[in-house]
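Undergrad: Dumping the structure here so I can ask a few things about it.
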Amino acid sequence: MIGLLKKDLFVADKSGRLLMLLALGFSLIPPLGAFGSTYAMMLALMMPITTLAYDERSKWDRYAAMLPYSPEQIVWSKYLLAYIFTLLAGGIIVLGALLRGVSTGDVDWMETAEMSVMLGVAMLFVTALGLPALYRFGTEKGRYMMLLVMGVGVGAVLGLQSIFGEAPQLPRLPLAAVIAGVAVLAVLATYVSFRVSVRVYKKRQSGAYNA
C-alpha cells in the first residue's frame, strides 16, 4: 500500500506543488480568502484524477495485475491519496489565515474553521461519489461527472447554510449530534463507494467496458 501511495505521490509531485503554492497565494489575499479555500479543495479533487489519467495512459493497471497487490489495495490507495491532499488543503487554509493575521492582524478564526470543516466534509462526499464514476467511465468522461457532483455538493451545503442562517426560528441541533450524524453518513458513503469502485475496477480489468 505504501508503495502504491509513493507511486501516486511521485506522479502528482510537480502539479501538486504548483497547485498548493497557488492555493496558498490566493489564501494570503484577504478579498480572495474564500476563493483560496475553495481552490485548495479543488487541489484535493484533482490529484486522484491526475494519477488515474496517468495510469490510463501508461496502461499501468496491466502491470499492477502482476504485482502482489489486491484490487482492494489498488483502489483504496486512490481514496487515501484524496484524503491526504484534503488534509494538505486544510493545512493551506489555516496557514493562509495565520499569515494574513500576521500581516493584517484581522482574521476570523471561527469563519476559517467553519470553511475548512465545510469544504473538508464536502470533499469526503465528492470523493465517495466521484471515484466510482472515474473507474467506470474513465478520467475523460468521469472528471466531468466528478466536477458536476462537486458543484452540486458544495452548492447544497451553501444552500442549507443560507436557509438555516435565514431561518432562526428553526430548532438548532446540538453540535455533537450534527458532527456524529455527518461522520456516520461519511463512513457509510465511503464504504459503499469503495465497494462499488472495487467491483467496477475488477470488471474493467476483465474487459467488461471495452466495447
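As shown in the C-alpha cells, the chain order sets the letters A, B, ...; within each chain, residues go from 1, and ligands are also counted from 1 in the order they appear.
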For segment 86-89 of chain A, work out the shell of residues within 10 Å, counting only C-alpha atoms and skipping chain neighbours fewer than 5 positions away, then give it as a VMD selection string.

TA: chain A and resid 19 to 20 23 to 24 36 to 45 47 80 to 81 94 to 95 116 119 to 121 123 to 124

Undergrad: Could you dump the residues just selected with N, CA and C atoms as a compact mmCIF listing (two decimals), in the first residue's frame?

TA:
# COMPACT_ATOMS: atom_id res chain seq x y z
N LEU A 19 -0.05 23.67 -7.53
CA LEU A 19 -1.40 24.00 -7.09
C LEU A 19 -1.42 24.42 -5.62
N MET A 20 -0.59 23.79 -4.79
CA MET A 20 -0.54 24.18 -3.38
C MET A 20 -0.01 25.59 -3.21
N ALA A 23 -2.77 27.95 -4.29
CA ALA A 23 -3.82 28.00 -3.26
C ALA A 23 -3.37 28.84 -2.07
N LEU A 24 -2.11 28.68 -1.66
CA LEU A 24 -1.60 29.48 -0.54
C LEU A 24 -1.55 30.96 -0.92
N GLY A 36 -9.52 31.13 -2.15
CA GLY A 36 -8.32 30.33 -1.88
C GLY A 36 -8.67 29.03 -1.19
N SER A 37 -9.64 29.07 -0.27
CA SER A 37 -10.07 27.85 0.41
C SER A 37 -10.69 26.87 -0.57
N THR A 38 -11.57 27.38 -1.45
CA THR A 38 -12.19 26.52 -2.45
C THR A 38 -11.16 25.96 -3.42
N TYR A 39 -10.21 26.80 -3.80
CA TYR A 39 -9.15 26.37 -4.72
C TYR A 39 -8.31 25.27 -4.08
N ALA A 40 -8.05 25.40 -2.78
CA ALA A 40 -7.27 24.37 -2.08
C ALA A 40 -7.99 23.03 -2.11
N MET A 41 -9.31 23.04 -1.96
CA MET A 41 -10.06 21.80 -2.00
C MET A 41 -10.14 21.24 -3.44
N MET A 42 -10.14 22.13 -4.43
CA MET A 42 -10.06 21.67 -5.81
C MET A 42 -8.77 20.89 -6.05
N LEU A 43 -7.72 21.30 -5.36
CA LEU A 43 -6.44 20.58 -5.42
C LEU A 43 -6.64 19.14 -4.98
N ALA A 44 -7.34 18.93 -3.87
CA ALA A 44 -7.59 17.58 -3.38
C ALA A 44 -8.41 16.77 -4.37
N LEU A 45 -9.29 17.43 -5.12
CA LEU A 45 -10.10 16.74 -6.13
C LEU A 45 -9.28 16.35 -7.34
N MET A 47 -6.00 15.67 -7.70
CA MET A 47 -4.90 14.73 -7.59
C MET A 47 -5.28 13.29 -7.95
N LEU A 80 -7.10 7.09 -0.29
CA LEU A 80 -6.13 7.64 0.66
C LEU A 80 -5.44 8.87 0.09
N LEU A 81 -5.12 8.83 -1.22
CA LEU A 81 -4.48 9.98 -1.86
C LEU A 81 -5.38 11.21 -1.77
N VAL A 94 -5.54 27.02 6.83
CA VAL A 94 -5.14 27.52 8.16
C VAL A 94 -3.87 28.35 8.07
N LEU A 95 -2.89 27.87 7.29
CA LEU A 95 -1.63 28.62 7.15
C LEU A 95 -1.86 29.98 6.50
N SER A 116 -13.05 25.43 6.59
CA SER A 116 -12.22 24.25 6.45
C SER A 116 -13.03 22.97 6.67
N LEU A 119 -15.76 22.52 3.70
CA LEU A 119 -15.20 22.04 2.45
C LEU A 119 -14.59 20.65 2.60
N GLY A 120 -14.02 20.37 3.79
CA GLY A 120 -13.49 19.03 4.03
C GLY A 120 -14.57 17.97 3.99
N VAL A 121 -15.71 18.24 4.63
CA VAL A 121 -16.84 17.30 4.59
C VAL A 121 -17.37 17.16 3.18
N MET A 123 -15.69 17.43 0.47
CA MET A 123 -14.74 16.63 -0.29
C MET A 123 -14.87 15.14 0.03
N LEU A 124 -15.22 14.81 1.26
CA LEU A 124 -15.43 13.40 1.60
C LEU A 124 -16.54 12.81 0.75

Undergrad: Which residues are near Arg195 of chain A? Cut-off 10 Å, only C-alpha atoms, ignore same chain within fewer than 3 positions. Put them as a list of chain:residue names.

TA: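 Those residues are A:Glu72, A:Val75, A:Trp76, A:Pro132, A:Thr190, A:Tyr191, A:Val192, A:Val198, A:Arg199, A:Val200, A:Tyr201.
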
Undergrad: Calculated over only C-alpha atoms, which of the candidates A:Lys78, A:Lys59, A:Ala128, A:Pro71 has the smallest distance to Lys203 of chain A?

TA: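 Counting only C-alpha atoms, the residue closest to Lys203 of chain A is A:Pro71.
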